[in-house]
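The structure appears below as structure tokens.
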Amino acid sequence: MEANSQAVVFQAGSEEYALPILAVVSIEKPEGITHVPHMPEYLKGIAKVREELIPVIDSEMVLYGRKTEEDEKTRIIVINTSGISAGIMVRDAREILEIPVEHLKQTSLLASGNNRFFSRIASFDGRMVMMIDPELLIVSLDGIGEVTEYVEKMEQAN
């Protein structure tokens, strides 16, 4: 890892989380999301972003088991992983944070079970930001294969 790492910080629940800037394609307003019946609970729906259909994942459903309460600060962070592009709905995309490597701590206690997608904690004076590995987040979602297949079928139909 380089001397500094950049990440997009967002809020889910009352905590701060971050995705590495290299995985982030864009930050969008949540518009034109189409609900898809019989899909996993974490799937908010499908949206068209920059001429591409992407699944929109509710961050609070994944992290806390409850739906994100939408308001004017709600955003979709579009990420690109080796498997798919996806949108992560968040309560507030707060900032792009430069994190010196000495502020990154391992999360061996947290990176297990349902939290295996946490890669590290960025620890500052009075502030902790959980770093999420987008690749591990996507593969940890139950039923993501079904979601991916559905999106691919929809893309081919258009």
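Residues in the structure tokens are named by chain (A, B, ... in the order shown) and by number from 1 within that chain; ligands are numbered from 1 in the order shown.
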
Near-A:Gly45 list (8 Å; only C-alpha atoms; drop same-chain fewer than 3 positions) as an mmCIF file with C-alpha atoms, in the first residue's frame:
```
data_model
loop_
_atom_site.group_PDB
_atom_site.id
_atom_site.type_symbol
_atom_site.label_atom_id
_atom_site.label_comp_id
_atom_site.auth_asym_id
_atom_site.auth_seq_id
_atom_site.Cartn_x
_atom_site.Cartn_y
_atom_site.Cartn_z
ATOM 1 C CA ILE A 33 -34.553 3.051 -9.265
ATOM 2 C CA THR A 34 -36.852 0.235 -10.370
ATOM 3 C CA HIS A 35 -37.866 -2.239 -7.669
ATOM 4 C CA VAL A 36 -37.408 -5.886 -8.635
ATOM 5 C CA PRO A 55 -28.023 -3.236 -9.084
ATOM 6 C CA VAL A 56 -28.486 -0.785 -6.203
ATOM 7 C CA ILE A 57 -27.558 -2.246 -2.828
#
```

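Considering only stretch 22-60 of chain A, backbone DSSP assigns strand (DSSP E or B) to Val24, Val25, Ser26, Ile27, Glu28, Thr34, Leu43, Lys44, Gly45, Ile46, Ala47, Lys48, Val49, Glu52, Leu53, Ile54, Pro55, Val56, Ile57 and Asp58 of chain A.
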
Quiz prompt | Contacts of stretch 127-131 of chain A at 7 Å (only C-alpha atoms; same-chain gap of 4+ positions) as a PyMOL selection string | solution = chain A and resi 16-19+118-123

What does the file look like for those residues with N, CA and C atoms, as a compact mmCIF listing (two decimals), in the first residue's frame?
```
# COMPACT_ATOMS: atom_id res chain seq x y z
N GLU A 16 -19.41 5.91 10.32
CA GLU A 16 -18.78 6.27 9.05
C GLU A 16 -18.07 5.05 8.46
N TYR A 17 -18.23 4.88 7.16
CA TYR A 17 -17.60 3.81 6.42
C TYR A 17 -16.92 4.43 5.21
N ALA A 18 -16.05 3.68 4.56
CA ALA A 18 -15.38 4.22 3.39
C ALA A 18 -15.10 3.13 2.36
N LEU A 19 -15.12 3.55 1.10
CA LEU A 19 -14.76 2.70 -0.04
C LEU A 19 -13.54 3.30 -0.69
N PHE A 118 -14.96 -5.96 5.77
CA PHE A 118 -14.19 -4.86 6.36
C PHE A 118 -12.71 -5.18 6.21
N SER A 119 -11.96 -4.26 5.61
CA SER A 119 -10.55 -4.53 5.40
C SER A 119 -9.67 -3.92 6.50
N ARG A 120 -9.98 -2.71 6.94
CA ARG A 120 -9.20 -2.02 7.96
C ARG A 120 -10.05 -0.95 8.62
N ILE A 121 -9.50 -0.37 9.67
CA ILE A 121 -10.11 0.79 10.31
C ILE A 121 -9.15 1.95 10.16
N ALA A 122 -9.66 3.08 9.69
CA ALA A 122 -8.87 4.31 9.67
C ALA A 122 -9.15 5.01 10.99
N SER A 123 -8.11 5.16 11.79
CA SER A 123 -8.27 5.70 13.13
C SER A 123 -7.58 7.05 13.24
```

Please report as a tab-separated table every residue of stretch 95-141 of chain A lying within 12 Å of stretch 80-87 of chain A, along with the nearest atom pair and their distance in Å (one decimal), using only C-alpha atoms.
```
residue	atom	partner	partner_atom	distance
A:Asp133	CA	A:Thr81	CA	9.8
A:Pro134	CA	A:Thr81	CA	6.7
A:Glu135	CA	A:Thr81	CA	5.6
A:Leu136	CA	A:Thr81	CA	9.3
A:Leu137	CA	A:Thr81	CA	9.7
A:Ile138	CA	A:Thr81	CA	8.0
A:Val139	CA	A:Gly83	CA	8.5
```

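Between atom CA of A:Ser5 and atom CA of A:Ile21 the interatomic distance comes to 8.3 Å.
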
Quiz item: What's the 12 Å shell around A:Glu51, counting only C-alpha atoms, without same-chain residues fewer than 3 positions away, as a list of chain:residue names?
Solution: A:Ala47, A:Lys48, A:Ile54, A:Glu155, A:Asn158

Quiz item: Counting only C-alpha atoms, what is within 7 Å of A:Ala93, bar same-chain residues fewer than 4 positions away, as a list of chain:residue names?
Solution: A:Val9, A:Phe10, A:Gln11, A:Arg75

Mind dumping the selected residues with C-alpha atoms as an mmCIF file, in the first residue's frame?
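Heads up, here's the output in selection19.cif:
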```cif
data_model
loop_
_atom_site.group_PDB
_atom_site.id
_atom_site.type_symbol
_atom_site.label_atom_id
_atom_site.label_comp_id
_atom_site.auth_asym_id
_atom_site.auth_seq_id
_atom_site.Cartn_x
_atom_site.Cartn_y
_atom_site.Cartn_z
ATOM 1 C CA VAL A 9 -16.482 8.338 3.258
ATOM 2 C CA PHE A 10 -20.196 7.724 3.727
ATOM 3 C CA GLN A 11 -22.636 7.402 6.555
ATOM 4 C CA ARG A 75 -26.639 9.136 -2.594
#
```

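A straight line drawn from atom CA of A:Pro20 to atom CA of A:Lys67 is 23.5 Å long.
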
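All residues of protein, DNA or RNA that reach within 9 Å of A:Val147, judged by only C-alpha atoms and not counting those fewer than 5 positions away in the chain, are Met39, Pro40, Leu43, Pro55 and Glu152 of chain A.
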
Quiz item: Hey, which of A:Met61, A:Ile96, A:Ile27, A:Val49 ends up closest to A:Ile76? Count only C-alpha atoms.
Solution: A:Ile27

Exercise. Apply DSSP to the structure's backbone, then extract all residues of chain A labelled helix (DSSP H, G or I) and return them as a PyMOL selection string.
Key: chain A and resi 21-23+59-64+101-103+113-115+134-140+144-157

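In this comparison, which uses only C-alpha atoms, the residue of A:Glu72, A:Phe124, A:Arg66, A:Leu141 approaching A:Val101 most closely is A:Phe124.
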
Quiz item: How far is it from atom CA of A:Leu97 to atom CA of A:Glu69, in Å with one decimal?
Solution: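 Straight-line distance from atom CA of A:Leu97 to atom CA of A:Glu69 works out to 24.3 Å.
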
Practice problem: Counting only C-alpha atoms, figure out which residue out of A:Pro100, A:Pro37, A:Pro30, A:Gly126 gets nearest to A:Asp71. | Solution: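 Closest to A:Asp71 of all the choices is A:Pro30.
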